[in-house]
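I have placed the structure first, in the form of structure tokens, so that the comments after it can refer back to it.
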Amino acid sequence: MTTNTIEVNKGNILIVDDTPENLQVLSATLSDRGYKVRGVINGKMAIRAARSGSPDLILLDIKMPEMDGYEVCTQLKADPKTSEIPVIFISALDEVLDKVTAFQVGGVDYVTKPFHVAEVLARIEHQLTIQRLKKQLLDRNKELQEEIIERKKAEEAAAAASLAKSQFVANMSHELRTPLNAILGFTQVMSRDSLLSHENLENLRIINRSGQHLLELINDVLDLSKIEAGIISLDERSFDLYQLLDSLEEMFQIKAETKKMQVRFSVQANVPQYIKADEKKLRVCLINLLGNAMKFTHDGGRIWLRVSVESNQPQQPAEPESHPNSTSVEPLLILFEVEDTGIGIATAEIDTLFDAFVQTQAGIKAADGTGLGLTITKKYVQIMGGDIWVKSVLGEGTSFKFNIRVCAAISSEITVATLQRVIGLEANQPVYRILAVDDNQENRRLLVKMLQPIGFEVREAENGYQAVELWESWQPHLIWLDTRMPVMDGFEAVRQIRGKEKQTQWRTVIIALTASTFEEKKGDIIAVGCDDFVRKPFQEQILFDKMACYLGVRYLYQELPRLPAGALPRYCVSEKPDSFFGGLLAQMPQSWVQELYDAANDVNEELAIQLVDRIWESHPTLAEALKDLLADYRLDKIMDLTQSSLK
């Protein structure tokens with residue numbers, strides 16, 4: 001039986017000694033220990049062998065003819081090809097000066113003859129270990145350098161991508177805001193028509209409100225990078241929560257009617273009407289969820305929005321009268337739930353539902369949306385100190401719940417804008433000359449239609465070159481100036497006008513109209529010579545206020561009607577106390593109450609509706625209140641009320 005041994009080369013060693021006996025002893029010993037050994041008898045041969053064979057270590061005698069060990073080591077260290085090979089001197093010289101010289105010329109160790117084999121082996125293994133560790137360190141350092149280079153390339157690529165993204169955002173901002181400016185502006189112009197019916201006037205207001213929301217969504221999508229960077233902050237202000245919900249219901253009701261859907265809003269009586277929170281972000285969250293519910297619910301379906309104070313929070317008195325003037329400063333967690341009877345979401349898709357640009361299979365089939373709505377909603381909810389959950393059954397419907405942390409406010413904290421409209425100029429004022437400069441014809445015409453009927457003299461220019469010419473010949477009091485135009489942009493036009501003003505006594509107020517979303521542009525606009533700037537799309541009142549500020553214009557106003565402050569919304573069906581139902585149910589036959597309780601307990605909505613319809617003519621007040629609860633799917637409430645009545 002033959003045993004095959006696998007030879008492992010522990011290292012290549014070059015032995016340099018002019019005494020053959022020493023060479024033989026060391027060579028045999030090291031070979032037996034797994035080293036590959038080569039021996040030479042003089043310095044010249046040692047240098048050639050080191051250059052050609054690249055040994056891992058050299059054992060070098062000092063006293064040799066023609067060239068001693070010191071000179072050999074000196075030449076080896078001077079050659080880049082052999083400078084890193086460790087040299088251990090083996091010599092009969094044992095004076096301190098000899099050893100010091102050996103280390104000065106580049107030796108790493110020193111063994112005195114006669115030597116012990118175990119000592120030589122230990123020193124060799126020690127030096128080879130150092131060499132291996134050194135090589136590993138060099139290799140790792142090389143890898144790190146390569147990683148640094150790759151990371152630098154990645155950072156440069158990311159910077160280039162970020163620049164491209166910024167340029168894209170700037171261009172998209174301009175392209176989206178410019179037409180939206182015309183849409184919103186002309187709804188304001190049309191609303192001035194005194195011949196419009198109340199219905200058409202209300203339609204225009206809805207268009208304007210929806211357009212304003214579209215503008216907010218555009219801003220949110222274009223500012224998604226800010227969310228990713230974590231630099232989006234809260235803008236907490238006191239506002240009327242009921243009014244916000246009322247406007248949302250109005251927005252979605254029209255579309256719901258076209259799909260023959262029921263959209264029902266309900267608010268628990270202990271939810272404060274006035275709260276301090278980020279109204280804009282809350283509005284975006286609710287619109288995203290309601291929009292999704294409507295998109296994925298078939299015609300004839302149902303959607304609920306329920307608002308409540310979370311049960312573990314301090315409860316406020318149930319009387320509605322306590323809402324408007326609540327002075328509680330304790331934070332509350334308000335819970336919002338959007339439930340629908342739509343197509344539902346598959347369990348496998350729920351885990352990735354809030355990821356950016358991810359859409360469900362239903363969303364992909366609908367070919368509608370970017371996949372950002374739920375991502376933005378979750379980020380906003382978290383920023384507002386809350387969390388969001390989803391439950392869904394495929395084919396039956398979906399329920400989104402989220403809570404936010406708010407503080408109750410009081411009505412006096414709500415800033416209510418004065419509802420008045422500029423209709424003309426006061427008497428005894430100059431004829432103000434206003435120049436509208438924009439390459440977009442719709443935006444120029446919008447400015448003309450807004451300003452001319454009020455009494456301003458308005459002219460138009462479609463680029464910076466025409467603006468400079470008109471300034472020279474007409475000398476307007478104020479210029480509304482677009483910044484991005486062909487032929488000559490707004491910045492160059494401002495520079496030329498400001499330069500020409502130095503030769504005259506006339507100075508024109510110049511206000512930039514910009515569609516940019518970047519705040520850093522503000523400094524550029526002011527630095528180039530503009531007095532101020534207004535972002536597109538703009539409200540007409542902003543234009544009038546700016547002209548009053550810079551020109552001293554005085555206006556005539558028309559007061560507009562508005563809803564009384566603090567008016568309760570029409571969707572608060574859960575505000576009726578239990579005592580309201582208790583007295584009415586006590587008048588009903590116990591058998592009918594028992595049937596209604598059984599229907600609610602069995603979640604038999606159809607039977608409950610039939611039972612309520614049966615008493616409609618004889619007890620309309622109770623029937624209407626119960627119908628409200630059924631429309632809100634509050635079978636649990638009906639069960640509690642009827643159970644109390646049966647006791």
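Identifiers for the structure tokens are assigned positionally: chains receive A, B, ... in sequence, residues are indexed from 1 per chain, and ligands are indexed from 1 in the order shown.
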
If we count only C-alpha atoms and set the cut-off at 10 Å, which residues sit around Ala623 of chain A, ignoring sequence neighbours fewer than 5 positions away in its own chain? Please answer as an mmCIF file with N, CA and C atoms, in the first residue's frame.
data_model
loop_
_atom_site.group_PDB
_atom_site.id
_atom_site.type_symbol
_atom_site.label_atom_id
_atom_site.label_comp_id
_atom_site.auth_asym_id
_atom_site.auth_seq_id
_atom_site.Cartn_x
_atom_site.Cartn_y
_atom_site.Cartn_z
ATOM 1 N N LEU A 584 -86.442 57.894 20.618
ATOM 2 C CA LEU A 584 -87.227 57.494 19.445
ATOM 3 C C LEU A 584 -87.413 55.980 19.398
ATOM 4 N N ILE A 609 -82.040 47.730 5.965
ATOM 5 C CA ILE A 609 -82.595 48.802 5.119
ATOM 6 C C ILE A 609 -84.095 48.608 4.950
ATOM 7 N N LEU A 611 -86.153 47.128 7.012
ATOM 8 C CA LEU A 611 -86.814 47.450 8.273
ATOM 9 C C LEU A 611 -86.929 48.954 8.480
ATOM 10 N N VAL A 612 -85.918 49.696 8.108
ATOM 11 C CA VAL A 612 -85.972 51.153 8.238
ATOM 12 C C VAL A 612 -86.975 51.738 7.250
ATOM 13 N N ASP A 613 -86.988 51.204 6.024
ATOM 14 C CA ASP A 613 -87.952 51.694 5.026
ATOM 15 C C ASP A 613 -89.391 51.487 5.506
ATOM 16 N N ARG A 614 -89.609 50.428 6.300
ATOM 17 C CA ARG A 614 -90.955 50.102 6.769
ATOM 18 C C ARG A 614 -91.518 51.195 7.687
ATOM 19 N N ILE A 615 -90.647 51.931 8.384
ATOM 20 C CA ILE A 615 -91.128 52.943 9.343
ATOM 21 C C ILE A 615 -90.959 54.367 8.810
ATOM 22 N N TRP A 616 -90.562 54.484 7.526
ATOM 23 C CA TRP A 616 -90.224 55.815 7.000
ATOM 24 C C TRP A 616 -91.390 56.797 7.113
ATOM 25 N N GLU A 617 -92.604 56.353 6.743
ATOM 26 C CA GLU A 617 -93.747 57.273 6.742
ATOM 27 C C GLU A 617 -94.212 57.599 8.156
ATOM 28 N N SER A 618 -94.160 56.634 9.036
ATOM 29 C CA SER A 618 -94.692 56.861 10.394
ATOM 30 C C SER A 618 -93.661 57.502 11.327
ATOM 31 N N ASP A 628 -78.767 57.291 7.854
ATOM 32 C CA ASP A 628 -77.423 57.886 7.883
ATOM 33 C C ASP A 628 -76.404 56.885 8.429
ATOM 34 N N LEU A 629 -76.792 56.179 9.503
ATOM 35 C CA LEU A 629 -75.881 55.190 10.076
ATOM 36 C C LEU A 629 -75.641 54.033 9.115
#

Could you list, as a PDB file with N, CA, C and O atoms, in the first residue's frame, every residue within 9 Å of Ile404 of chain A, counting only C-alpha atoms and ignoring same-chain residues fewer than 6 positions away?
ATOM      1  N   ALA A 277     -51.828  71.568  12.483  1.00  0.00           N
ATOM      2  CA  ALA A 277     -51.086  70.505  11.807  1.00  0.00           C
ATOM      3  C   ALA A 277     -50.649  71.046  10.453  1.00  0.00           C
ATOM      4  O   ALA A 277     -50.838  72.222  10.147  1.00  0.00           O
ATOM      5  N   LEU A 282     -51.611  66.874   4.928  1.00  0.00           N
ATOM      6  CA  LEU A 282     -52.793  66.074   5.243  1.00  0.00           C
ATOM      7  C   LEU A 282     -53.722  66.001   4.033  1.00  0.00           C
ATOM      8  O   LEU A 282     -54.254  64.936   3.708  1.00  0.00           O
ATOM      9  N   LEU A 332     -53.063  65.214  20.176  1.00  0.00           N
ATOM     10  CA  LEU A 332     -54.030  64.150  19.924  1.00  0.00           C
ATOM     11  C   LEU A 332     -53.569  63.337  18.731  1.00  0.00           C
ATOM     12  O   LEU A 332     -52.898  63.845  17.836  1.00  0.00           O
ATOM     13  N   LEU A 333     -53.944  62.062  18.729  1.00  0.00           N
ATOM     14  CA  LEU A 333     -53.745  61.234  17.540  1.00  0.00           C
ATOM     15  C   LEU A 333     -55.094  61.106  16.847  1.00  0.00           C
ATOM     16  O   LEU A 333     -56.015  60.492  17.384  1.00  0.00           O
ATOM     17  N   ILE A 334     -55.210  61.722  15.688  1.00  0.00           N
ATOM     18  CA  ILE A 334     -56.450  61.635  14.919  1.00  0.00           C
ATOM     19  C   ILE A 334     -56.285  60.544  13.881  1.00  0.00           C
ATOM     20  O   ILE A 334     -55.289  60.499  13.153  1.00  0.00           O
ATOM     21  N   LEU A 335     -57.263  59.663  13.819  1.00  0.00           N
ATOM     22  CA  LEU A 335     -57.226  58.510  12.927  1.00  0.00           C
ATOM     23  C   LEU A 335     -58.109  58.771  11.707  1.00  0.00           C
ATOM     24  O   LEU A 335     -59.268  59.164  11.840  1.00  0.00           O
ATOM     25  N   PHE A 336     -57.560  58.547  10.523  1.00  0.00           N
ATOM     26  CA  PHE A 336     -58.293  58.673   9.265  1.00  0.00           C
ATOM     27  C   PHE A 336     -58.353  57.292   8.620  1.00  0.00           C
ATOM     28  O   PHE A 336     -57.344  56.600   8.531  1.00  0.00           O
ATOM     29  N   VAL A 381     -47.124  61.076   6.255  1.00  0.00           N
ATOM     30  CA  VAL A 381     -47.721  60.612   7.517  1.00  0.00           C
ATOM     31  C   VAL A 381     -46.640  60.471   8.589  1.00  0.00           C
ATOM     32  O   VAL A 381     -46.823  60.884   9.737  1.00  0.00           O
ATOM     33  N   GLN A 382     -45.510  59.900   8.211  1.00  0.00           N
ATOM     34  CA  GLN A 382     -44.418  59.734   9.176  1.00  0.00           C
ATOM     35  C   GLN A 382     -43.872  61.080   9.630  1.00  0.00           C
ATOM     36  O   GLN A 382     -43.557  61.271  10.805  1.00  0.00           O
ATOM     37  N   ILE A 383     -43.750  62.033   8.699  1.00  0.00           N
ATOM     38  CA  ILE A 383     -43.279  63.371   9.054  1.00  0.00           C
ATOM     39  C   ILE A 383     -44.243  64.023  10.039  1.00  0.00           C
ATOM     40  O   ILE A 383     -43.836  64.754  10.953  1.00  0.00           O
ATOM     41  N   MET A 384     -45.542  63.745   9.892  1.00  0.00           N
ATOM     42  CA  MET A 384     -46.552  64.322  10.782  1.00  0.00           C
ATOM     43  C   MET A 384     -46.707  63.532  12.079  1.00  0.00           C
ATOM     44  O   MET A 384     -47.647  63.751  12.835  1.00  0.00           O
ATOM     45  N   GLY A 385     -45.780  62.602  12.349  1.00  0.00           N
ATOM     46  CA  GLY A 385     -45.762  61.893  13.623  1.00  0.00           C
ATOM     47  C   GLY A 385     -46.701  60.710  13.709  1.00  0.00           C
ATOM     48  O   GLY A 385     -47.068  60.295  14.813  1.00  0.00           O
ATOM     49  N   GLY A 386     -47.076  60.155  12.576  1.00  0.00           N
ATOM     50  CA  GLY A 386     -48.021  59.040  12.592  1.00  0.00           C
ATOM     51  C   GLY A 386     -47.513  57.824  11.850  1.00  0.00           C
ATOM     52  O   GLY A 386     -46.328  57.707  11.524  1.00  0.00           O
ATOM     53  N   ASP A 387     -48.415  56.911  11.564  1.00  0.00           N
ATOM     54  CA  ASP A 387     -48.098  55.687  10.831  1.00  0.00           C
ATOM     55  C   ASP A 387     -49.295  55.342   9.958  1.00  0.00           C
ATOM     56  O   ASP A 387     -50.397  55.887  10.137  1.00  0.00           O
TER      57      ASP A 387
END

> Looking at A:Arg264, A:Phe533, A:Leu551, A:Leu556, which one is nearest to Ile423 of chain A, with distances taken over only C-alpha atoms?
Replying inline: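 Between A:Arg264, A:Phe533, A:Leu551, A:Leu556, the residue approaching Ile423 of chain A most closely is A:Leu556.
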
> In Å to one decimal, how far is atom CA of Val593 of chain A from atom CA of Leu646 of chain A?
Replying inline: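 Taking atom CA of Leu646 of chain A and atom CA of Val593 of chain A, their separation equals 7.3 Å.
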
> Interatomic distance between atom CA of Gln420 of chain A and atom CA of Gly455 of chain A?
Replying inline: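 Separation between atom CA of Gln420 of chain A and atom CA of Gly455 of chain A: 17.6 Å.
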
> Quick one: distance from atom CA of Tyr555 of chain A to atom CA of Gln541 of chain A in Å, one decimal?
Replying inline: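 Calculated distance between atom CA of Tyr555 of chain A and atom CA of Gln541 of chain A is 11.3 Å.
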
> DSSP on the backbone: what in segment 359-498 of chain A comes out alpha helix (DSSP H), as a PyMOL selection string?
Replying inline: chain A and resi 361-366+373-383+441-451+464-474+490-498
